file start32.cif (mmCIF, C-alpha atoms)
data_final
#
loop_
_atom_site.label_atom_id
_atom_site.label_comp_id
_atom_site.auth_asym_id
_atom_site.auth_seq_id
_atom_site.Cartn_x
_atom_site.Cartn_y
_atom_site.Cartn_z
CA MET A 1 4.98 10.00 -4.56
CA ARG A 2 6.89 13.11 -3.47
CA THR A 3 6.57 14.31 -7.07
CA VAL A 4 2.84 13.74 -6.94
CA LEU A 5 2.53 15.70 -3.70
CA ALA A 6 4.39 18.59 -5.29
CA ASN A 7 1.24 19.21 -7.33
CA ARG A 8 -0.72 21.83 -5.40
CA GLU A 9 -4.13 20.77 -6.67
CA PHE A 10 -3.63 17.12 -5.84
CA ARG A 11 -2.15 17.98 -2.45
CA ALA A 12 -5.32 19.89 -1.54
CA LEU A 13 -7.55 17.05 -2.74
CA TRP A 14 -5.43 14.46 -0.92
CA ILE A 15 -5.36 16.28 2.43
CA SER A 16 -9.06 17.11 2.30
CA GLU A 17 -9.93 13.47 1.59
CA ALA A 18 -7.64 12.13 4.32
CA VAL A 19 -8.98 14.37 7.10
CA SER A 20 -12.58 13.80 6.01
CA VAL A 21 -12.16 10.00 6.06
CA ALA A 22 -10.67 10.11 9.56
CA GLY A 23 -13.50 12.36 10.73
CA ASP A 24 -16.12 10.07 9.20
CA GLN A 25 -14.83 7.08 11.14
CA LEU A 26 -14.88 9.09 14.37
CA THR A 27 -18.48 10.06 13.66
CA ARG A 28 -19.55 6.46 13.05
CA VAL A 29 -18.12 5.38 16.39
CA ALA A 30 -19.44 8.47 18.20
CA LEU A 31 -22.99 8.05 16.90
CA ALA A 32 -23.10 4.37 17.79
CA ILE A 33 -22.00 5.21 21.34
CA LEU A 34 -24.37 8.17 21.61
CA VAL A 35 -27.42 6.21 20.48
CA TYR A 36 -26.59 3.25 22.70
CA GLN A 37 -26.12 5.54 25.71
CA ARG A 38 -29.49 7.18 25.14
CA THR A 39 -31.52 4.07 24.24
CA GLY A 40 -29.65 1.10 25.71
CA SER A 41 -30.60 -0.71 22.50
CA ALA A 42 -28.02 -2.64 20.46
CA PHE A 43 -30.49 -2.61 17.55
CA TYR A 44 -30.64 1.18 17.43
CA ALA A 45 -26.87 1.47 17.87
CA ALA A 46 -26.28 -0.89 14.93
CA GLY A 47 -28.99 0.87 12.93
CA ILE A 48 -27.41 4.30 13.23
CA TYR A 49 -24.08 2.80 12.16
CA ALA A 50 -25.64 1.08 9.14
CA LEU A 51 -27.34 4.31 8.07
CA THR A 52 -23.93 5.92 7.60
CA PHE A 53 -23.36 3.48 4.70
CA LEU A 54 -26.72 2.68 3.10
CA PRO A 55 -27.76 6.09 1.63
CA ALA A 56 -24.56 6.10 -0.44
CA LEU A 57 -26.17 3.42 -2.63
CA ALA A 58 -28.92 5.74 -3.85
CA GLY A 59 -26.59 8.70 -4.06
CA GLY A 60 -24.04 6.70 -6.02
CA LEU A 61 -26.34 6.10 -8.98
CA GLY A 62 -28.20 9.41 -8.92
CA LEU A 63 -26.42 12.29 -7.25
CA SER A 64 -22.94 11.34 -8.51
CA GLN A 65 -23.97 12.58 -11.95
CA LEU A 66 -24.00 16.13 -10.61
CA ALA A 67 -20.20 15.94 -10.90
CA ASP A 68 -20.58 15.99 -14.69
CA ARG A 69 -23.24 18.71 -14.88
CA TYR A 70 -21.73 21.36 -12.58
CA ARG A 71 -18.31 22.78 -11.80
CA ARG A 72 -16.58 20.08 -9.80
CA ARG A 73 -14.70 22.41 -7.46
CA THR A 74 -17.91 24.23 -6.57
CA LEU A 75 -19.70 20.94 -5.98
CA MET A 76 -16.96 19.68 -3.64
CA VAL A 77 -16.97 22.91 -1.64
CA VAL A 78 -20.76 23.11 -1.33
CA CYS A 79 -21.02 19.46 -0.29
CA SER A 80 -18.29 19.87 2.33
CA VAL A 81 -20.01 22.92 3.80
CA ILE A 82 -23.36 21.07 3.97
CA GLN A 83 -21.71 18.11 5.69
CA ALA A 84 -19.98 20.39 8.18
CA VAL A 85 -23.28 22.03 9.12
CA VAL A 86 -25.12 18.71 9.38
CA VAL A 87 -22.47 17.08 11.59
CA ALA A 88 -22.24 20.19 13.77
CA THR A 89 -26.02 19.98 14.24
CA MET A 90 -25.63 16.37 15.40
CA ALA A 91 -23.28 17.62 18.10
CA ILE A 92 -26.00 19.73 19.75
CA PRO A 93 -26.82 18.03 23.08
CA GLY A 94 -30.31 16.58 23.32
CA VAL A 95 -31.05 16.41 19.57
CA PRO A 96 -34.11 14.13 19.19
CA LEU A 97 -33.24 10.66 17.94
CA TRP A 98 -35.46 10.92 14.87
CA VAL A 99 -33.65 14.13 13.87
CA LEU A 100 -30.32 12.39 14.40
CA PHE A 101 -31.34 9.53 12.11
CA VAL A 102 -32.42 11.99 9.39
CA LEU A 103 -29.14 13.90 9.66
CA VAL A 104 -27.16 10.66 9.45
CA ILE A 105 -28.87 9.89 6.13
CA ILE A 106 -28.04 13.32 4.71
CA VAL A 107 -24.25 13.08 5.21
CA PRO A 108 -23.51 10.08 2.92
CA MET A 109 -26.12 11.26 0.40
CA VAL A 110 -24.27 14.56 0.04
CA GLN A 111 -20.93 12.76 0.06
CA SER A 112 -21.71 10.80 -3.12
CA PRO A 113 -21.50 13.70 -5.61
CA ALA A 114 -18.50 15.12 -3.72
CA LEU A 115 -16.59 11.84 -4.06
CA ALA A 116 -17.50 11.60 -7.74
CA ALA A 117 -16.27 15.16 -8.32
CA GLN A 118 -13.06 14.51 -6.40
CA ASN A 119 -12.37 11.29 -8.28
CA ALA A 120 -12.94 12.94 -11.67
CA THR A 121 -10.91 16.04 -10.76
CA THR A 122 -7.92 13.96 -9.70
CA ARG A 123 -7.82 12.44 -13.18
CA GLU A 124 -8.04 15.93 -14.72
CA VAL A 125 -5.14 17.14 -12.58
CA PHE A 126 -2.86 14.48 -14.10
CA ALA A 127 -4.52 14.29 -17.52
CA ASP A 128 -1.14 14.51 -19.31
CA ASP A 129 0.82 12.12 -17.06
CA ASP A 130 -0.59 8.61 -16.62
CA ALA A 131 2.33 7.49 -14.43
CA GLN A 132 1.86 10.30 -11.92
CA TYR A 133 -1.89 9.71 -11.91
CA LEU A 134 -1.35 6.05 -11.00
CA ARG A 135 1.01 7.07 -8.19
CA SER A 136 -1.57 9.55 -6.92
CA GLN A 137 -4.13 6.74 -6.66
CA ASP A 138 -1.62 4.58 -4.77
CA LEU A 139 -1.11 7.40 -2.29
CA ARG A 140 -4.87 7.89 -1.90
CA GLY A 141 -5.34 4.18 -1.25
CA ILE A 142 -2.63 4.09 1.41
CA SER A 143 -3.76 7.26 3.19
CA THR A 144 -7.49 6.43 3.06
CA ASN A 145 -7.04 2.98 4.59
CA THR A 146 -4.62 4.35 7.18
CA MET A 147 -7.06 7.05 8.21
CA MET A 148 -9.89 4.52 8.43
CA LEU A 149 -7.82 2.36 10.76
CA LEU A 150 -6.80 5.33 12.90
CA GLY A 151 -10.33 6.70 13.02
CA LEU A 152 -11.97 3.41 13.95
CA GLY A 153 -9.17 2.27 16.24
CA GLY A 154 -8.73 5.56 18.04
CA GLY A 155 -12.36 6.66 17.96
CA GLY A 156 -13.33 4.99 21.21
CA VAL A 157 -10.27 6.33 23.01
CA LEU A 158 -10.86 9.88 21.76
CA ILE A 159 -14.55 9.81 22.66
CA GLY A 160 -13.69 8.56 26.14
CA ALA A 161 -11.29 11.47 26.56
CA ILE A 162 -13.28 14.42 25.14
CA GLY A 163 -16.87 13.15 24.75
CA VAL A 164 -19.22 12.63 21.85
CA THR A 165 -20.05 16.32 21.30
CA TRP A 166 -16.46 17.43 20.80
CA THR A 167 -15.73 14.40 18.62
CA LEU A 168 -18.58 15.32 16.30
CA LEU A 169 -17.38 18.92 16.21
CA ILE A 170 -13.94 17.67 15.16
CA ASP A 171 -15.56 15.87 12.22
CA ALA A 172 -17.43 19.06 11.30
CA GLY A 173 -14.06 20.80 11.39
CA THR A 174 -12.56 18.28 8.96
CA PHE A 175 -15.26 19.10 6.39
CA THR A 176 -14.58 22.81 6.91
CA ILE A 177 -10.86 22.28 6.31
CA ALA A 178 -11.67 20.29 3.17
CA ALA A 179 -13.86 23.09 1.81
CA ILE A 180 -11.19 25.73 2.44
CA LEU A 181 -8.38 23.70 0.84
CA VAL A 182 -10.38 22.83 -2.28
CA GLN A 183 -11.66 26.39 -2.72
CA ARG A 184 -8.14 27.81 -2.34
CA ASP A 185 -5.98 25.37 -4.31
CA VAL A 186 -8.11 23.54 -6.90
CA ARG A 187 -8.75 25.10 -10.31
CA ASN A 188 -12.33 26.09 -11.02
CA ARG A 189 -12.73 24.17 -14.28
CA PRO A 190 -15.91 24.50 -16.38
CA PRO A 191 -18.43 21.65 -16.21
CA ALA A 192 -17.13 18.58 -18.04
CA GLY A 193 -20.59 17.56 -19.24
CA SER A 194 -23.89 19.22 -19.95
CA LYS A 195 -27.16 19.57 -18.06
CA ASP A 196 -28.86 18.31 -21.21
CA ASP A 197 -27.12 14.93 -21.08
CA GLY A 198 -29.18 11.87 -20.20
CA TRP A 199 -29.35 11.36 -16.43
CA PHE A 200 -27.83 7.86 -16.56
CA ASP A 201 -25.51 8.29 -19.55
CA GLY A 202 -22.44 7.41 -17.47
CA ALA A 203 -23.89 4.13 -16.18
CA LYS A 204 -25.22 3.18 -19.63
CA TRP A 205 -21.84 3.85 -21.23
CA VAL A 206 -20.01 1.79 -18.62
CA PHE A 207 -22.27 -1.25 -18.83
CA GLY A 208 -22.37 -1.01 -22.63
CA ASP A 209 -18.60 -1.52 -22.90
CA ARG A 210 -17.47 -5.13 -22.45
CA ARG A 211 -13.99 -4.13 -21.29
CA LEU A 212 -15.40 -2.05 -18.45
CA ARG A 213 -17.91 -4.76 -17.53
CA VAL A 214 -15.07 -7.26 -17.13
CA LEU A 215 -12.93 -4.74 -15.24
CA LEU A 216 -15.71 -3.89 -12.79
CA SER A 217 -16.62 -7.55 -12.35
CA LEU A 218 -13.04 -8.20 -11.22
CA SER A 219 -13.38 -5.31 -8.79
CA TRP A 220 -16.71 -6.51 -7.43
CA LEU A 221 -15.15 -9.83 -6.38
CA VAL A 222 -14.47 -7.89 -3.20
CA GLY A 223 -18.02 -8.89 -2.24
CA LEU A 224 -16.61 -12.37 -1.57
CA ALA A 225 -13.28 -11.16 -0.18
CA VAL A 226 -15.09 -9.09 2.48
CA ILE A 227 -16.98 -12.06 3.94
CA PRO A 228 -14.32 -12.72 6.66
CA GLU A 229 -14.98 -9.21 8.05
CA GLY A 230 -18.64 -10.02 8.58
CA LEU A 231 -17.66 -13.29 10.27
CA ALA A 232 -14.82 -11.92 12.41
CA ALA A 233 -16.44 -12.86 15.73
CA PRO A 234 -17.26 -16.50 14.84
CA LEU A 235 -13.86 -16.86 13.14
CA ALA A 236 -12.16 -15.83 16.37
CA GLN A 237 -14.27 -18.30 18.32
CA GLU A 238 -13.45 -21.18 15.93
CA ALA A 239 -9.75 -20.34 16.20
CA GLY A 240 -10.01 -20.51 20.00
CA ALA A 241 -8.92 -16.88 20.26
CA PRO A 242 -9.91 -14.28 22.90
CA PRO A 243 -12.69 -11.74 22.16
CA GLU A 244 -10.24 -8.88 21.60
CA SER A 245 -8.86 -10.74 18.57
CA VAL A 246 -11.98 -9.74 16.64
CA GLY A 247 -10.45 -6.29 16.21
CA TRP A 248 -7.21 -7.82 14.98
CA LEU A 249 -9.07 -9.88 12.39
CA LEU A 250 -10.88 -6.76 11.18
CA ALA A 251 -7.61 -4.82 10.94
CA ALA A 252 -5.63 -7.51 9.10
CA ASP A 253 -7.12 -6.93 5.64
CA PRO A 254 -6.77 -3.11 5.52
CA LEU A 255 -3.25 -3.36 6.94
CA GLY A 256 -2.38 -5.84 4.22
CA PHE A 257 -3.97 -3.53 1.65
CA ILE A 258 -1.74 -0.65 2.75
CA VAL A 259 1.41 -2.77 2.54
CA GLY A 260 0.35 -4.33 -0.77
CA THR A 261 -0.34 -0.93 -2.33
CA PHE A 262 3.09 0.31 -1.27
CA LEU A 263 4.90 -2.78 -2.61
CA ILE A 264 3.02 -2.86 -5.92
CA SER A 265 3.58 0.87 -6.40
CA HIS A 266 7.32 0.63 -5.85
CA PHE A 267 8.25 -2.71 -7.38
CA VAL A 268 5.78 -3.44 -10.21
CA PRO A 269 6.23 -1.38 -13.41
CA ASP A 270 3.13 0.47 -14.52
CA ARG A 271 2.73 -1.49 -17.75
CA HIS A 272 2.69 -4.78 -15.84
CA ARG A 273 0.18 -3.66 -13.23
CA ILE A 274 -2.63 -3.57 -15.77
CA LYS A 275 -1.76 -7.06 -16.99
CA LEU A 276 -1.70 -8.41 -13.41
CA ILE A 277 -5.21 -7.26 -12.49
CA GLY A 278 -6.77 -10.62 -13.30
CA ALA A 279 -4.09 -12.68 -11.51
CA LEU A 280 -4.20 -10.52 -8.38
CA ALA A 281 -8.00 -10.54 -8.31
CA THR A 282 -7.94 -14.34 -8.44
CA ALA A 283 -5.32 -14.52 -5.70
CA SER A 284 -7.27 -12.14 -3.44
CA VAL A 285 -10.11 -14.66 -3.16
CA GLY A 286 -7.99 -17.79 -3.70
CA VAL A 287 -6.11 -17.20 -0.45
CA LEU A 288 -9.39 -17.63 1.43
CA ILE A 289 -9.64 -21.29 0.36
CA LEU A 290 -6.89 -22.05 2.90
CA PHE A 291 -9.39 -21.38 5.69
CA ALA A 292 -10.59 -24.93 4.99
CA LEU A 293 -7.47 -26.02 6.92
CA LYS A 294 -8.90 -24.39 10.09
CA PRO A 295 -5.93 -22.06 10.71
CA SER A 296 -4.89 -20.78 14.11
CA LEU A 297 -5.42 -17.10 14.96
CA ILE A 298 -1.91 -16.16 13.80
CA ALA A 299 -2.29 -18.09 10.55
CA ALA A 300 -5.74 -16.55 9.96
CA LEU A 301 -4.30 -13.06 10.46
CA VAL A 302 -1.53 -13.82 7.95
CA LEU A 303 -4.03 -15.13 5.41
CA LEU A 304 -6.29 -12.09 5.74
CA ALA A 305 -3.33 -9.72 5.49
CA LEU A 306 -2.12 -11.54 2.38
CA ALA A 307 -5.60 -11.34 0.85
CA GLY A 308 -5.63 -7.61 1.58
CA ALA A 309 -2.15 -7.15 0.07
CA VAL A 310 -3.02 -8.74 -3.29
CA GLY A 311 -6.41 -6.99 -3.06
CA ALA A 312 -4.51 -3.77 -3.68
CA TYR A 313 -5.17 -4.45 -7.37
CA GLN A 314 -8.35 -2.42 -6.74
CA ILE A 315 -6.25 0.76 -6.97
CA THR A 316 -5.14 -0.14 -10.49
CA VAL A 317 -8.69 -1.10 -11.45
CA MET A 318 -10.07 2.35 -10.63
CA ALA A 319 -7.11 4.12 -12.23
CA VAL A 320 -7.67 2.20 -15.48
CA PHE A 321 -11.42 2.74 -15.20
CA ASN A 322 -11.00 6.52 -14.89
CA SER A 323 -8.56 6.58 -17.80
CA ILE A 324 -10.99 4.72 -20.09
CA VAL A 325 -14.17 6.63 -19.21
CA PRO A 326 -14.54 10.00 -21.02
CA ASN A 327 -14.22 13.02 -18.76
CA GLU A 328 -17.73 14.35 -19.44
CA ILE A 329 -19.42 11.26 -17.97
CA ARG A 330 -16.75 10.28 -15.42
CA GLY A 331 -18.76 11.40 -12.39
CA GLY A 332 -21.83 9.32 -13.24
CA ALA A 333 -19.68 6.37 -14.28
CA PHE A 334 -17.81 6.46 -10.97
CA GLY A 335 -21.12 6.53 -9.12
CA ALA A 336 -22.25 3.38 -10.93
CA ALA A 337 -18.98 1.61 -10.17
CA ARG A 338 -19.02 2.63 -6.51
CA THR A 339 -22.65 1.60 -6.08
CA GLY A 340 -21.90 -1.83 -7.52
CA LEU A 341 -18.97 -2.17 -5.15
CA ARG A 342 -21.12 -1.32 -2.13
CA VAL A 343 -23.91 -3.66 -3.22
CA SER A 344 -21.47 -6.55 -3.73
CA GLN A 345 -20.01 -5.97 -0.26
CA GLY A 346 -23.39 -5.81 1.42
CA LEU A 347 -24.70 -8.92 -0.35
CA GLY A 348 -21.47 -10.78 0.32
CA VAL A 349 -21.54 -10.13 4.06
CA ALA A 350 -25.23 -11.04 4.27
CA ALA A 351 -24.78 -14.24 2.25
CA GLY A 352 -21.72 -15.19 4.28
CA GLY A 353 -23.64 -14.87 7.52
CA LEU A 354 -26.49 -16.98 6.15
CA VAL A 355 -24.21 -19.76 4.89
CA ALA A 356 -22.24 -19.82 8.15
CA GLU A 357 -25.52 -20.20 10.04
CA LEU A 358 -26.61 -23.08 7.80
CA ILE A 359 -23.37 -25.09 7.79
CA GLY A 360 -22.25 -24.17 11.30
CA SER A 361 -18.69 -23.12 10.44
CA ALA A 362 -17.38 -19.63 9.69
CA MET A 363 -14.03 -20.97 8.43
CA ASN A 364 -15.67 -23.35 5.97
CA THR A 365 -17.89 -20.48 4.80
CA VAL A 366 -14.83 -18.33 4.08
CA ALA A 367 -13.19 -21.23 2.23
CA LEU A 368 -16.33 -21.72 0.11
CA ALA A 369 -16.35 -17.99 -0.67
CA GLY A 370 -12.75 -18.30 -1.83
CA ALA A 371 -13.55 -21.28 -4.06
CA LEU A 372 -16.52 -19.49 -5.61
CA GLY A 373 -14.39 -16.39 -6.11
CA VAL A 374 -11.71 -18.34 -7.97
CA ALA A 375 -14.34 -19.99 -10.17
CA LEU A 376 -15.63 -16.52 -11.11
CA ALA A 377 -12.24 -14.82 -11.32
CA ILE A 378 -10.46 -17.19 -13.70
CA PRO A 379 -12.72 -16.64 -16.75
CA LEU A 380 -12.82 -12.91 -15.97
CA ALA A 381 -9.01 -12.80 -15.77
CA VAL A 382 -8.73 -14.58 -19.12
CA ALA A 383 -11.23 -12.16 -20.68
CA TRP A 384 -9.34 -9.17 -19.26
CA SER A 385 -6.02 -10.41 -20.66
CA ARG A 386 -7.61 -10.38 -24.12
CA LEU A 387 -9.43 -7.07 -23.78
CA HIS A 388 -7.18 -4.65 -21.88
CA GLU A 389 -5.08 -3.62 -24.88
CA ALA A 390 -8.06 -2.84 -27.11
CA PRO A 391 -8.67 0.87 -27.89
CA ALA A 392 -11.37 2.59 -25.83
CA PRO A 393 -14.67 3.12 -27.63
CA ALA A 394 -15.73 6.70 -28.24
CA LYS A 395 -18.77 8.12 -26.47
CA PRO A 396 -21.66 8.37 -28.97
CA SER A 397 -21.57 11.82 -30.53
CA THR A 398 -24.42 14.22 -29.91
CA PRO A 399 -24.78 17.99 -30.44
CA ASP A 400 -24.10 18.49 -26.73
CA ASN A 401 -20.70 16.85 -27.08
CA ASP A 402 -19.35 20.07 -28.55
CA THR A 403 -20.01 21.98 -25.36
CA PRO A 404 -16.87 23.95 -24.32
CA GLY A 405 -15.00 22.27 -21.51
CA ARG A 406 -15.64 18.69 -22.62
CA GLN A 407 -12.56 16.54 -23.12
CA GLU A 408 -11.73 12.87 -23.50
CA ALA A 409 -9.63 11.09 -20.87
CA ALA A 410 -6.04 10.46 -21.85
#

call {"tool": "encode", "arguments": {"input": "start32.cif", "output": "structure tokens"}}
result
Amino acid sequence: MRTVLANREFRALWISEAVSVAGDQLTRVALAILVYQRTGSAFYAAGIYALTFLPALAGGLGLSQLADRYRRRTLMVVCSVIQAVVVATMAIPGVPLWVLFVLVIIVPMVQSPALAAQNATTREVFADDDAQYLRSQDLRGISTNTMMLLGLGGGGVLIGAIGVTWTLLIDAGTFTIAAILVQRDVRNRPPAGSKDDGWFDGAKWVFGDRRLRVLLSLSWLVGLAVIPEGLAAPLAQEAGAPPESVGWLLAADPLGFIVGTFLISHFVPDRHRIKLIGALATASVGVLILFALKPSLIAALVLLALAGAVGAYQITVMAVFNSIVPNEIRGGAFGAARTGLRVSQGLGVAAGGLVAELIGSAMNTVALAGALGVALAIPLAVAWSRLHEAPAPAKPSTPDNDTPGRQEAA
């Protein structure tokens, strides 16, 4: 990982992503507190928090394709500047609530093409070294989850110390730092694709390739693995644990993910990681079946941490995905994959809450989610074991494919 960080371009992308993620979590907490203070309504407080996630769905399928049509460095810088201005506007005391809600929608919408550009550029940076690219994704996974934990965990403390306004200004500052770093240290490569390409070429190519369909289906099993997060409060109650344990239950999975990413990165050879995707995906949901035994709080925390640790296979999934998808459609393809991931998580949490309400047990609901996940994962794992060594299909050739700057992924 030290070798990866020696790359100036990646270092700029990595730092800019890390500070932006931390700032985003601070903003989510700050806005929830701000809206609740001004309205006294739990509904509005939850609504403003939800709005920080939902617009990314639309942006993922549509706006992410801008990362293939325009210079990716320029797109990242422009998006960061827009986000900095929008968040700084939120910090103005007395901003009307309706304006605040509109601004909250803008931030994740603008973030979608920036993330797609960043994801595609990282693969370009290590186009000639697959091993270093995989290590770079491990490092991103560890740092992103760490920053999310720090931002969410420390957000309330920081807001209590300096107030909502200054917290929002800190987030605006993180976007400014990101723009400066990317502008200074990342190469200004020509557009990978063409403005004449079909708007949904990336998504069509992804879903037209069986290998990628299987790979993404294994990734989207996270929609079942995330159900315990949505049921953290009733899980704590069933375990006879105090209210503060809800935070521990929420933190267990990402902490396990961080540890799992580190262990897999250091002890599993690269060639084996691709083969293990199916087995780890199955294990990530299979662990949840043990909730049928009605574990204590400590046992539940261990199970969730273990599920998060084997869930680190998601890093390898996206690294393989980006290596298969041609560079000129990688932005749009990433948007389709990310949108599917968000949809699966949202549907999973909603379905988990409904089932828990119907059967009256959060632990049994989690166990059922695990059993369903295993039933889905096993045939997908078998299919992946047969498909992963097949050569990648070429993108259908068109006159636009000869545009200078286009290149296939290694």

call {"tool": "atom_distance", "arguments": {"input": "start32.cif", "atom1": "CA of Trp384 (chain A)", "atom2": "CA of Val214 (chain A)"}}
result
6.4 Å

call {"tool": "closest_residue", "arguments": {"input": "start32.cif", "among": "A:Phe267, A:Phe262, A:Phe175, A:Tyr44", "to": "Val86 (chain A)", "atoms": "only C-alpha atoms"}}
result
A:Phe175

call {"tool": "atom_distance", "arguments": {"input": "start32.cif", "atom1": "CA of Leu103 (chain A)", "atom2": "CA of Val85 (chain A)"}}
result
10.0 Å

call {"tool": "closest_atom_pairs", "arguments": {"input": "start32.cif", "of": "region 132-200 of chain A", "to": "region 1-10 of chain A", "cutoff": "9 Å", "atoms": "only C-alpha atoms", "output": "CSV"}}
result
residue,atom,partner,partner_atom,distance
A:Gln132,CA,A:Val4,CA,6.1
A:Tyr133,CA,A:Val4,CA,8.0
A:Arg135,CA,A:Met1,CA,6.1
A:Ser136,CA,A:Val4,CA,6.1
A:Asp138,CA,A:Met1,CA,8.5
A:Leu139,CA,A:Met1,CA,7.0
A:Val182,CA,A:Glu9,CA,7.9
A:Asp185,CA,A:Glu9,CA,5.5
A:Val186,CA,A:Glu9,CA,4.9
A:Arg187,CA,A:Glu9,CA,7.3

call {"tool": "resolve_selection", "arguments": {"input": "start32.cif", "expression": "the PyMOL selection byres ((chain A and resi 107) around 8)", "output": "list in words"}}
result
Thr52, Gln83, Val86, Val87, Leu103, Val104, Ile105, Ile106, Pro108, Met109, Val110 and Gln111 of chain A

call {"tool": "residues_around", "arguments": {"input": "start32.cif", "residues": "region 359-364 of chain A", "least_positions_apart": "2", "cutoff": "8 Å", "atoms": "only C-alpha atoms", "output": "JSON, numbers by chain"}}
result
{"A": [231, 234, 235, 238, 291, 292, 294, 355, 356, 357, 366, 367, 368]}

call {"tool": "residues_around", "arguments": {"input": "start32.cif", "residues": "Asp171 (chain A)", "least_positions_apart": "2", "cutoff": "9 Å", "atoms": "only C-alpha atoms", "output": "tab-separated table (two decimals) with C-alpha atoms, in the frame of the given file"}}
result
chain	number	residue	atom	x	y	z
A	19	VAL	CA	-8.98	14.37	7.10
A	20	SER	CA	-12.58	13.80	6.01
A	22	ALA	CA	-10.67	10.11	9.56
A	23	GLY	CA	-13.50	12.36	10.73
A	24	ASP	CA	-16.12	10.07	9.20
A	25	GLN	CA	-14.83	7.08	11.14
A	26	LEU	CA	-14.88	9.09	14.37
A	27	THR	CA	-18.48	10.06	13.66
A	84	ALA	CA	-19.98	20.39	8.18
A	87	VAL	CA	-22.47	17.08	11.59
A	88	ALA	CA	-22.24	20.19	13.77
A	166	TRP	CA	-16.46	17.43	20.80
A	167	THR	CA	-15.73	14.40	18.62
A	168	LEU	CA	-18.58	15.32	16.30
A	169	LEU	CA	-17.38	18.92	16.21
A	173	GLY	CA	-14.06	20.80	11.39
A	174	THR	CA	-12.56	18.28	8.96
A	175	PHE	CA	-15.26	19.10	6.39
A	176	THR	CA	-14.58	22.81	6.91

call {"tool": "residues_near_point", "arguments": {"input": "start32.cif", "point": "(-12.9, -1.2, -11.5)", "cutoff": "12 Å", "atoms": "all atoms listed in the file", "output": "VMD selection string"}}
result
chain A and resid 206 to 207 211 to 222 274 277 to 278 281 312 to 325 333 to 341 384

call {"tool": "atom_distance", "arguments": {"input": "start32.cif", "atom1": "CA of Asn188 (chain A)", "atom2": "CA of Gly202 (chain A)"}}
result
22.2 Å

call {"tool": "residues_around", "arguments": {"input": "start32.cif", "residues": "Ala67 (chain A)", "least_positions_apart": "3", "cutoff": "10 Å", "atoms": "only C-alpha atoms", "output": "count of residues only"}}
result
29

call {"tool": "closest_residue", "arguments": {"input": "start32.cif", "among": "A:Leu34, A:Gly230, A:Leu149, A:Thr282", "to": "Val382 (chain A)", "atoms": "all atoms listed in the file"}}
result
A:Thr282

call {"tool": "closest_residue", "arguments": {"input": "start32.cif", "among": "A:Lys275, A:Ala127, A:Leu290, A:Leu358", "to": "Ser385 (chain A)", "atoms": "only C-alpha atoms"}}
result
A:Lys275

call {"tool": "resolve_selection", "arguments": {"input": "start32.cif", "expression": "the PyMOL selection byres ((chain A and resi 256) around 9)", "output": "list in words"}}
result
Ala251, Ala252, Asp253, Pro254, Leu255, Phe257, Ile258, Val259, Gly260, Thr261, Val302, Leu304, Ala305, Leu306, Ala307, Gly308, Ala309, Val310, Gly311 and Ala312 of chain A

call {"tool": "closest_residue", "arguments": {"input": "start32.cif", "among": "A:Ile378, A:Ala172, A:Leu293, A:Val35", "to": "Ile82 (chain A)", "atoms": "all atoms listed in the file"}}
result
A:Ala172

call {"tool": "closest_residue", "arguments": {"input": "start32.cif", "among": "A:Gly348, A:Ala30, A:Thr365, A:Pro379", "to": "Ile162 (chain A)", "atoms": "all atoms listed in the file"}}
result
A:Ala30

call {"tool": "axis_aligned_box", "arguments": {"input": "start32.cif", "around": "region 283-290 of chain A", "padding_each_side": "6 Å", "output": "JSON"}}
result
{"center_x": -7.7, "center_y": -17.1, "center_z": -1.4, "size_x": 16.8, "size_y": 21.9, "size_z": 20.6}
